[in-house]
>>> print(open('start_25.txt').read())   # compact mmCIF, N, CA and C atoms
# COMPACT_ATOMS: atom_id res chain seq x y z
N MET A 1 0.85 -1.15 0.00
CA MET A 1 0.00 0.00 0.00
C MET A 1 0.90 1.22 0.00
N ALA A 2 0.48 2.18 -0.71
CA ALA A 2 1.30 3.37 -0.87
C ALA A 2 2.69 3.03 -1.37
N GLY A 3 2.75 2.02 -2.25
CA GLY A 3 4.01 1.67 -2.88
C GLY A 3 4.96 0.82 -2.05
N ASP A 4 4.55 0.34 -0.90
CA ASP A 4 5.43 -0.53 -0.13
C ASP A 4 4.78 -1.89 0.06
N ASP A 5 5.53 -2.82 0.57
CA ASP A 5 5.01 -4.17 0.80
C ASP A 5 4.80 -4.46 2.28
N SER A 6 4.65 -3.42 3.09
CA SER A 6 4.54 -3.62 4.52
C SER A 6 3.23 -4.29 4.92
N GLY A 7 2.18 -4.15 4.09
CA GLY A 7 0.90 -4.72 4.44
C GLY A 7 0.14 -3.88 5.44
N GLU A 8 0.71 -2.78 5.86
CA GLU A 8 0.04 -1.91 6.81
C GLU A 8 -0.90 -0.96 6.09
N LEU A 9 -2.04 -0.71 6.69
CA LEU A 9 -2.98 0.25 6.13
C LEU A 9 -2.45 1.66 6.35
N GLN A 10 -2.66 2.51 5.37
CA GLN A 10 -2.21 3.89 5.45
C GLN A 10 -3.39 4.78 5.79
N ALA A 11 -3.18 5.76 6.66
CA ALA A 11 -4.24 6.71 7.03
C ALA A 11 -4.76 7.40 5.78
N GLY A 12 -6.06 7.53 5.68
CA GLY A 12 -6.68 8.24 4.58
C GLY A 12 -7.05 7.38 3.39
N GLN A 13 -6.57 6.13 3.34
CA GLN A 13 -6.90 5.27 2.21
C GLN A 13 -8.35 4.81 2.31
N SER A 14 -8.96 4.63 1.16
CA SER A 14 -10.31 4.08 1.14
C SER A 14 -10.43 3.11 -0.02
N GLY A 15 -11.43 2.29 0.05
CA GLY A 15 -11.72 1.34 -1.01
C GLY A 15 -13.19 0.99 -0.96
N LEU A 16 -13.65 0.32 -2.00
CA LEU A 16 -15.02 -0.16 -2.03
C LEU A 16 -14.98 -1.67 -1.87
N ILE A 17 -15.75 -2.18 -0.92
CA ILE A 17 -15.78 -3.61 -0.63
C ILE A 17 -17.22 -4.11 -0.63
N VAL A 18 -17.36 -5.40 -0.83
CA VAL A 18 -18.64 -6.09 -0.62
C VAL A 18 -18.41 -7.01 0.57
N ARG A 19 -19.16 -6.79 1.62
CA ARG A 19 -19.02 -7.64 2.81
C ARG A 19 -19.55 -9.03 2.52
N ILE A 20 -18.85 -10.04 3.06
CA ILE A 20 -19.25 -11.44 2.89
C ILE A 20 -19.33 -12.07 4.29
N PRO A 21 -20.39 -11.76 5.04
CA PRO A 21 -20.48 -12.26 6.41
C PRO A 21 -20.53 -13.78 6.50
N GLU A 22 -21.05 -14.45 5.46
CA GLU A 22 -21.12 -15.91 5.48
C GLU A 22 -19.73 -16.55 5.51
N ALA A 23 -18.72 -15.85 5.04
CA ALA A 23 -17.36 -16.40 5.03
C ALA A 23 -16.65 -16.22 6.36
N GLU A 24 -17.16 -15.36 7.19
CA GLU A 24 -16.46 -15.00 8.43
C GLU A 24 -16.09 -16.21 9.30
N PRO A 25 -17.00 -17.17 9.55
CA PRO A 25 -16.62 -18.30 10.39
C PRO A 25 -15.45 -19.11 9.82
N ALA A 26 -15.37 -19.21 8.50
CA ALA A 26 -14.32 -20.01 7.88
C ALA A 26 -12.97 -19.29 7.84
N VAL A 27 -12.99 -17.96 7.81
CA VAL A 27 -11.73 -17.23 7.60
C VAL A 27 -11.30 -16.38 8.79
N ARG A 28 -12.12 -16.22 9.79
CA ARG A 28 -11.84 -15.30 10.89
C ARG A 28 -10.49 -15.55 11.56
N ALA A 29 -10.19 -16.77 11.94
CA ALA A 29 -8.93 -17.05 12.65
C ALA A 29 -7.71 -16.71 11.78
N TRP A 30 -7.78 -17.06 10.49
CA TRP A 30 -6.67 -16.74 9.59
C TRP A 30 -6.53 -15.23 9.41
N ARG A 31 -7.66 -14.56 9.23
CA ARG A 31 -7.61 -13.12 9.03
C ARG A 31 -7.10 -12.41 10.27
N ASP A 32 -7.55 -12.83 11.45
CA ASP A 32 -7.07 -12.19 12.68
C ASP A 32 -5.55 -12.30 12.80
N ARG A 33 -5.02 -13.43 12.37
CA ARG A 33 -3.58 -13.67 12.50
C ARG A 33 -2.76 -13.02 11.40
N LEU A 34 -3.29 -13.00 10.18
CA LEU A 34 -2.47 -12.64 9.03
C LEU A 34 -2.89 -11.39 8.25
N ASP A 35 -4.09 -10.90 8.46
CA ASP A 35 -4.62 -9.82 7.63
C ASP A 35 -4.72 -8.51 8.40
N PRO A 36 -3.91 -7.51 8.03
CA PRO A 36 -3.97 -6.22 8.72
C PRO A 36 -5.35 -5.57 8.66
N SER A 37 -6.10 -5.82 7.58
CA SER A 37 -7.43 -5.21 7.50
C SER A 37 -8.37 -5.80 8.55
N ALA A 38 -8.22 -7.08 8.87
CA ALA A 38 -9.04 -7.69 9.92
C ALA A 38 -8.71 -7.07 11.26
N ARG A 39 -7.41 -6.89 11.52
CA ARG A 39 -7.01 -6.27 12.79
C ARG A 39 -7.50 -4.83 12.90
N ALA A 40 -7.74 -4.18 11.75
CA ALA A 40 -8.26 -2.82 11.74
C ALA A 40 -9.79 -2.79 11.82
N GLY A 41 -10.43 -3.98 11.86
CA GLY A 41 -11.87 -4.06 12.02
C GLY A 41 -12.66 -4.30 10.75
N PHE A 42 -12.01 -4.54 9.62
CA PHE A 42 -12.73 -4.82 8.38
C PHE A 42 -13.28 -6.24 8.41
N PRO A 43 -14.51 -6.42 7.95
CA PRO A 43 -15.10 -7.77 7.91
C PRO A 43 -14.56 -8.56 6.72
N ALA A 44 -14.90 -9.85 6.66
CA ALA A 44 -14.61 -10.65 5.47
C ALA A 44 -15.29 -9.95 4.29
N HIS A 45 -14.57 -9.85 3.18
CA HIS A 45 -15.08 -9.04 2.08
C HIS A 45 -14.41 -9.40 0.76
N VAL A 46 -14.98 -8.89 -0.32
CA VAL A 46 -14.35 -8.89 -1.63
C VAL A 46 -14.04 -7.43 -1.92
N THR A 47 -12.79 -7.14 -2.24
CA THR A 47 -12.42 -5.78 -2.60
C THR A 47 -12.85 -5.53 -4.04
N VAL A 48 -13.65 -4.52 -4.22
CA VAL A 48 -14.15 -4.15 -5.55
C VAL A 48 -13.23 -3.11 -6.18
N LEU A 49 -12.77 -2.15 -5.38
CA LEU A 49 -11.90 -1.09 -5.90
C LEU A 49 -11.00 -0.58 -4.78
N PHE A 50 -9.71 -0.64 -5.01
CA PHE A 50 -8.74 -0.10 -4.06
C PHE A 50 -7.56 0.41 -4.88
N SER A 51 -7.21 1.53 -4.69
CA SER A 51 -7.57 2.61 -3.81
C SER A 51 -8.67 3.44 -4.45
N PHE A 52 -9.63 3.87 -3.66
CA PHE A 52 -10.77 4.61 -4.16
C PHE A 52 -10.45 6.09 -4.13
N LEU A 53 -10.74 6.75 -3.05
CA LEU A 53 -10.44 8.17 -2.87
C LEU A 53 -9.79 8.36 -1.51
N ASP A 54 -8.99 9.39 -1.37
CA ASP A 54 -8.52 9.75 -0.04
C ASP A 54 -9.75 10.13 0.78
N GLU A 55 -9.76 9.73 2.05
CA GLU A 55 -10.95 9.97 2.87
C GLU A 55 -11.34 11.44 2.93
N SER A 56 -10.40 12.34 2.76
CA SER A 56 -10.71 13.77 2.79
C SER A 56 -11.58 14.21 1.62
N ARG A 57 -11.65 13.39 0.57
CA ARG A 57 -12.46 13.72 -0.61
C ARG A 57 -13.83 13.05 -0.59
N ILE A 58 -14.08 12.23 0.42
CA ILE A 58 -15.37 11.52 0.48
C ILE A 58 -16.35 12.37 1.27
N ASP A 59 -17.39 12.82 0.57
CA ASP A 59 -18.42 13.63 1.21
C ASP A 59 -19.78 13.02 0.92
N SER A 60 -20.84 13.70 1.31
CA SER A 60 -22.18 13.15 1.12
C SER A 60 -22.51 12.96 -0.36
N GLY A 61 -21.98 13.81 -1.23
CA GLY A 61 -22.20 13.65 -2.66
C GLY A 61 -21.57 12.38 -3.20
N VAL A 62 -20.34 12.09 -2.77
CA VAL A 62 -19.66 10.86 -3.20
C VAL A 62 -20.42 9.65 -2.68
N LEU A 63 -20.81 9.68 -1.41
CA LEU A 63 -21.55 8.56 -0.84
C LEU A 63 -22.88 8.34 -1.56
N ALA A 64 -23.56 9.43 -1.91
CA ALA A 64 -24.83 9.31 -2.63
C ALA A 64 -24.60 8.71 -4.01
N ALA A 65 -23.55 9.14 -4.70
CA ALA A 65 -23.25 8.61 -6.04
C ALA A 65 -22.91 7.13 -5.97
N VAL A 66 -22.10 6.73 -5.00
CA VAL A 66 -21.76 5.31 -4.86
C VAL A 66 -23.02 4.51 -4.52
N GLY A 67 -23.83 5.02 -3.62
CA GLY A 67 -25.07 4.34 -3.26
C GLY A 67 -26.01 4.17 -4.43
N GLU A 68 -26.07 5.18 -5.30
CA GLU A 68 -26.92 5.10 -6.49
C GLU A 68 -26.42 4.02 -7.44
N VAL A 69 -25.13 3.98 -7.66
CA VAL A 69 -24.56 2.98 -8.58
C VAL A 69 -24.75 1.58 -8.02
N ILE A 70 -24.43 1.38 -6.76
CA ILE A 70 -24.56 0.06 -6.15
C ILE A 70 -26.03 -0.34 -6.05
N GLY A 71 -26.90 0.62 -5.81
CA GLY A 71 -28.33 0.33 -5.70
C GLY A 71 -28.94 -0.20 -6.97
N ARG A 72 -28.30 0.05 -8.12
CA ARG A 72 -28.79 -0.46 -9.40
C ARG A 72 -28.39 -1.90 -9.66
N GLN A 73 -27.48 -2.43 -8.86
CA GLN A 73 -26.97 -3.80 -9.06
C GLN A 73 -27.97 -4.80 -8.50
N TRP A 74 -28.38 -5.76 -9.31
CA TRP A 74 -29.24 -6.83 -8.82
C TRP A 74 -28.41 -7.75 -7.95
N SER A 75 -29.06 -8.43 -7.05
CA SER A 75 -28.33 -9.38 -6.21
C SER A 75 -27.84 -10.54 -7.07
N PHE A 76 -26.80 -11.18 -6.59
CA PHE A 76 -26.24 -12.34 -7.28
C PHE A 76 -25.61 -13.26 -6.25
N GLU A 77 -25.37 -14.48 -6.65
CA GLU A 77 -24.70 -15.44 -5.78
C GLU A 77 -23.27 -15.62 -6.21
N ALA A 78 -22.42 -15.90 -5.25
CA ALA A 78 -21.01 -16.19 -5.53
C ALA A 78 -20.58 -17.33 -4.63
N ARG A 79 -19.69 -18.17 -5.15
CA ARG A 79 -19.09 -19.26 -4.38
C ARG A 79 -17.64 -18.90 -4.09
N PHE A 80 -17.11 -19.45 -3.04
CA PHE A 80 -15.71 -19.23 -2.66
C PHE A 80 -15.11 -20.59 -2.32
N GLU A 81 -14.69 -21.32 -3.35
CA GLU A 81 -14.24 -22.69 -3.18
C GLU A 81 -12.74 -22.88 -3.40
N HIS A 82 -12.07 -21.91 -3.99
CA HIS A 82 -10.65 -22.05 -4.32
C HIS A 82 -9.86 -20.84 -3.83
N CYS A 83 -8.59 -21.06 -3.59
CA CYS A 83 -7.71 -19.97 -3.18
C CYS A 83 -6.99 -19.38 -4.39
N GLY A 84 -6.68 -18.11 -4.30
CA GLY A 84 -5.87 -17.42 -5.29
C GLY A 84 -4.79 -16.64 -4.57
N ARG A 85 -3.82 -16.11 -5.33
CA ARG A 85 -2.74 -15.35 -4.72
C ARG A 85 -2.44 -14.10 -5.51
N PHE A 86 -2.20 -13.03 -4.77
CA PHE A 86 -1.55 -11.82 -5.26
C PHE A 86 -0.25 -11.79 -4.48
N PRO A 87 0.73 -11.01 -4.89
CA PRO A 87 1.96 -10.91 -4.08
C PRO A 87 1.63 -10.55 -2.63
N GLY A 88 1.99 -11.45 -1.73
CA GLY A 88 1.76 -11.22 -0.31
C GLY A 88 0.34 -11.43 0.17
N ILE A 89 -0.55 -11.90 -0.70
CA ILE A 89 -1.96 -12.05 -0.32
C ILE A 89 -2.48 -13.40 -0.78
N LEU A 90 -3.11 -14.12 0.13
CA LEU A 90 -3.84 -15.34 -0.19
C LEU A 90 -5.32 -15.02 0.02
N TYR A 91 -6.16 -15.37 -0.94
CA TYR A 91 -7.57 -15.01 -0.83
C TYR A 91 -8.44 -16.12 -1.41
N LEU A 92 -9.71 -16.09 -1.05
CA LEU A 92 -10.70 -16.99 -1.63
C LEU A 92 -11.23 -16.35 -2.90
N VAL A 93 -11.22 -17.10 -3.98
CA VAL A 93 -11.63 -16.59 -5.29
C VAL A 93 -13.15 -16.63 -5.41
N PRO A 94 -13.78 -15.48 -5.70
CA PRO A 94 -15.23 -15.51 -5.93
C PRO A 94 -15.53 -16.08 -7.31
N GLU A 95 -16.53 -16.97 -7.37
CA GLU A 95 -16.96 -17.55 -8.64
C GLU A 95 -18.48 -17.44 -8.72
N PRO A 96 -19.02 -16.78 -9.69
CA PRO A 96 -18.31 -16.05 -10.72
C PRO A 96 -17.76 -14.73 -10.17
N ASP A 97 -16.73 -14.20 -10.80
CA ASP A 97 -16.16 -12.93 -10.35
C ASP A 97 -16.64 -11.75 -11.18
N ILE A 98 -17.26 -12.01 -12.31
CA ILE A 98 -17.70 -10.93 -13.22
C ILE A 98 -18.61 -9.91 -12.53
N PRO A 99 -19.60 -10.32 -11.72
CA PRO A 99 -20.43 -9.29 -11.08
C PRO A 99 -19.62 -8.34 -10.19
N PHE A 100 -18.61 -8.86 -9.52
CA PHE A 100 -17.75 -7.99 -8.70
C PHE A 100 -16.93 -7.06 -9.58
N ARG A 101 -16.41 -7.59 -10.68
CA ARG A 101 -15.60 -6.78 -11.59
C ARG A 101 -16.40 -5.67 -12.25
N ARG A 102 -17.68 -5.91 -12.46
CA ARG A 102 -18.53 -4.91 -13.11
C ARG A 102 -18.91 -3.76 -12.18
N LEU A 103 -18.88 -3.98 -10.88
CA LEU A 103 -19.33 -2.93 -9.96
C LEU A 103 -18.60 -1.60 -10.15
N PRO A 104 -17.26 -1.55 -10.22
CA PRO A 104 -16.63 -0.24 -10.37
C PRO A 104 -16.90 0.42 -11.71
N ARG A 105 -17.32 -0.36 -12.70
CA ARG A 105 -17.59 0.20 -14.02
C ARG A 105 -19.02 0.70 -14.16
N ARG A 106 -19.87 0.37 -13.24
CA ARG A 106 -21.28 0.74 -13.34
C ARG A 106 -21.47 2.24 -13.48
N SER A 107 -20.67 3.04 -12.81
CA SER A 107 -20.85 4.48 -12.86
C SER A 107 -20.57 5.02 -14.27
N ARG A 108 -19.72 4.34 -15.04
CA ARG A 108 -19.39 4.81 -16.39
C ARG A 108 -20.39 4.29 -17.42
N THR A 109 -21.19 3.26 -17.08
CA THR A 109 -22.08 2.67 -18.06
C THR A 109 -23.55 2.96 -17.77
N GLY A 110 -23.81 3.80 -16.80
CA GLY A 110 -25.19 4.10 -16.46
C GLY A 110 -25.83 3.06 -15.59
N GLY A 111 -25.07 2.07 -15.13
CA GLY A 111 -25.57 1.08 -14.18
C GLY A 111 -26.52 0.07 -14.77
N GLN A 112 -26.35 -0.30 -16.05
CA GLN A 112 -27.23 -1.31 -16.62
C GLN A 112 -27.16 -2.57 -15.77
N ARG A 113 -28.30 -3.17 -15.59
CA ARG A 113 -28.36 -4.38 -14.76
C ARG A 113 -28.10 -5.61 -15.58
N SER A 114 -27.51 -6.57 -14.94
CA SER A 114 -27.38 -7.89 -15.56
C SER A 114 -27.52 -8.91 -14.45
N ARG A 115 -28.21 -9.99 -14.74
CA ARG A 115 -28.38 -11.05 -13.74
C ARG A 115 -27.35 -12.12 -13.96
N ARG A 116 -26.69 -12.52 -12.88
CA ARG A 116 -25.78 -13.66 -12.90
C ARG A 116 -26.16 -14.51 -11.71
N SER A 117 -26.20 -15.79 -11.89
CA SER A 117 -26.51 -16.68 -10.79
C SER A 117 -25.55 -17.86 -10.82
N ALA A 118 -25.17 -18.29 -9.66
CA ALA A 118 -24.28 -19.45 -9.56
C ALA A 118 -24.97 -20.51 -8.73
N GLY A 119 -24.57 -21.73 -8.94
CA GLY A 119 -25.12 -22.84 -8.16
C GLY A 119 -24.68 -22.76 -6.71
N SER A 120 -25.27 -23.58 -5.89
CA SER A 120 -24.94 -23.55 -4.48
C SER A 120 -23.66 -24.34 -4.21
N SER A 121 -23.04 -24.04 -3.11
CA SER A 121 -21.84 -24.76 -2.68
C SER A 121 -21.75 -24.65 -1.16
N THR A 122 -20.70 -25.22 -0.62
CA THR A 122 -20.53 -25.13 0.82
C THR A 122 -20.20 -23.71 1.25
N ARG A 123 -19.56 -22.92 0.41
CA ARG A 123 -19.27 -21.53 0.71
C ARG A 123 -19.94 -20.68 -0.35
N SER A 124 -21.19 -20.31 -0.10
CA SER A 124 -21.94 -19.53 -1.06
C SER A 124 -22.49 -18.31 -0.36
N SER A 125 -22.55 -17.22 -1.07
CA SER A 125 -23.04 -15.99 -0.48
C SER A 125 -23.94 -15.28 -1.46
N ARG A 126 -25.07 -14.81 -1.00
CA ARG A 126 -25.95 -14.00 -1.85
C ARG A 126 -25.59 -12.56 -1.58
N ILE A 127 -25.26 -11.85 -2.65
CA ILE A 127 -24.84 -10.45 -2.57
C ILE A 127 -26.00 -9.57 -2.94
>>> encode(input="start_25.txt", output="structure tokens")
Amino acid sequence: MAGDDSGELQAGQSGLIVRIPEAEPAVRAWRDRLDPSARAGFPAHVTVLFSFLDESRIDSGVLAAVGEVIGRQWSFEARFEHCGRFPGILYLVPEPDIPFRRLPRRSRTGGQRSRRSAGSSTRSSRI
């Protein structure tokens, strides 16, 4: 973050996440031990966009715009059955991942809706 590999959160950073409370029982112990965001109080989640804006730039207008874009997204299901890696990060891969990838682009496309559904699994979450 901020160009280093320390894994420490930097003051003022923000991102857009989708909370995945259903994953919490399976990942809580690992996150508490290994994930700085968990120690900072962030729940189990899928990161949609990081880095978003410096917190000093987030006002009621930004929150309203984000709420409007996200509010246009239909719910969808995602499974988390496999692990993936980024440098220094081990994570559960959302399947399908396309609905998550489309979220940050919604503001540029007028928020057209699309339905995606996945089958059930042992780790499934309705978003």
>>> residues_around(input="start_25.txt", residues="Asp97 in chain A", least_positions_apart="4", cutoff="8 Å", atoms="only N, CA and C atoms", output="PDB file with N, CA and C atoms, keeping the file's coordinate frame")
ATOM      1  N   ALA A  78     -22.420 -15.900  -5.250  1.00  0.00           N
ATOM      2  CA  ALA A  78     -21.010 -16.190  -5.530  1.00  0.00           C
ATOM      3  C   ALA A  78     -20.580 -17.330  -4.630  1.00  0.00           C
ATOM      4  N   ARG A  79     -19.690 -18.170  -5.150  1.00  0.00           N
ATOM      5  CA  ARG A  79     -19.090 -19.260  -4.380  1.00  0.00           C
ATOM      6  C   ARG A  79     -17.640 -18.900  -4.090  1.00  0.00           C
ATOM      7  N   VAL A  93     -11.220 -17.100  -3.980  1.00  0.00           N
ATOM      8  CA  VAL A  93     -11.630 -16.590  -5.290  1.00  0.00           C
ATOM      9  C   VAL A  93     -13.150 -16.630  -5.410  1.00  0.00           C
ATOM     10  N   ARG A 101     -16.410  -7.590 -10.680  1.00  0.00           N
ATOM     11  CA  ARG A 101     -15.600  -6.780 -11.590  1.00  0.00           C
ATOM     12  C   ARG A 101     -16.400  -5.670 -12.250  1.00  0.00           C
ATOM     13  N   ARG A 102     -17.680  -5.910 -12.460  1.00  0.00           N
ATOM     14  CA  ARG A 102     -18.530  -4.910 -13.110  1.00  0.00           C
ATOM     15  C   ARG A 102     -18.910  -3.760 -12.180  1.00  0.00           C
TER      16      ARG A 102
END
>>> atom_distance(input="start_25.txt", atom1="CA of Gly41 in chain A", atom2="CA of Gly71 in chain A")
24.6 Å
>>> select_by_dssp(input="start_25.txt", residues="range 11-126 of chain A", states="strand (DSSP E)", output="PyMOL selection string")
chain A and resi 15-19+45-50+77-86+89-95+124-126
>>> atom_distance(input="start_25.txt", atom1="CA of His45 in chain A", atom2="CA of Pro25 in chain A")
12.5 Å
>>> atom_distance(input="start_25.txt", atom1="CA of Asp35 in chain A", atom2="atom N of Arg105 in chain A")
25.8 Å
>>> closest_residue(input="start_25.txt", among="A:Pro104, A:Pro43, A:Gly67, A:Gly88", to="Pro21 in chain A", atoms="all atoms listed in the file")
A:Pro43
>>> closest_residue(input="start_25.txt", among="A:Glu55, A:Trp74, A:Val66, A:Tyr91", to="Trp30 in chain A", atoms="only C-alpha atoms")
A:Tyr91
>>> select_by_dssp(input="start_25.txt", residues="range 4-121 of chain A", states="alpha helix (DSSP H)", output="PyMOL selection string")
chain A and resi 24-34+36-39+60-71+98-102+106-109
>>> closest_residue(input="start_25.txt", among="A:Ile89, A:Val62, A:Val69, A:Leu16", to="Thr47 in chain A", atoms="all atoms listed in the file")
A:Leu16
>>> closest_residue(input="start_25.txt", among="A:Ser75, A:Ser60, A:Ser51, A:Ser37", to="Ser14 in chain A", atoms="only N, CA and C atoms")
A:Ser51
>>> closest_residue(input="start_25.txt", among="A:Glu81, A:Glu95, A:Asp59, A:Glu22", to="Ala44 in chain A", atoms="only N, CA and C atoms")
A:Glu22
>>> residues_around(input="start_25.txt", residues="Leu53 in chain A", least_positions_apart="4", cutoff="6 Å", atoms="all atoms listed in the file", output="list in words")
Gly12, Gln13, Ser14, Gly15 and Arg57 of chain A
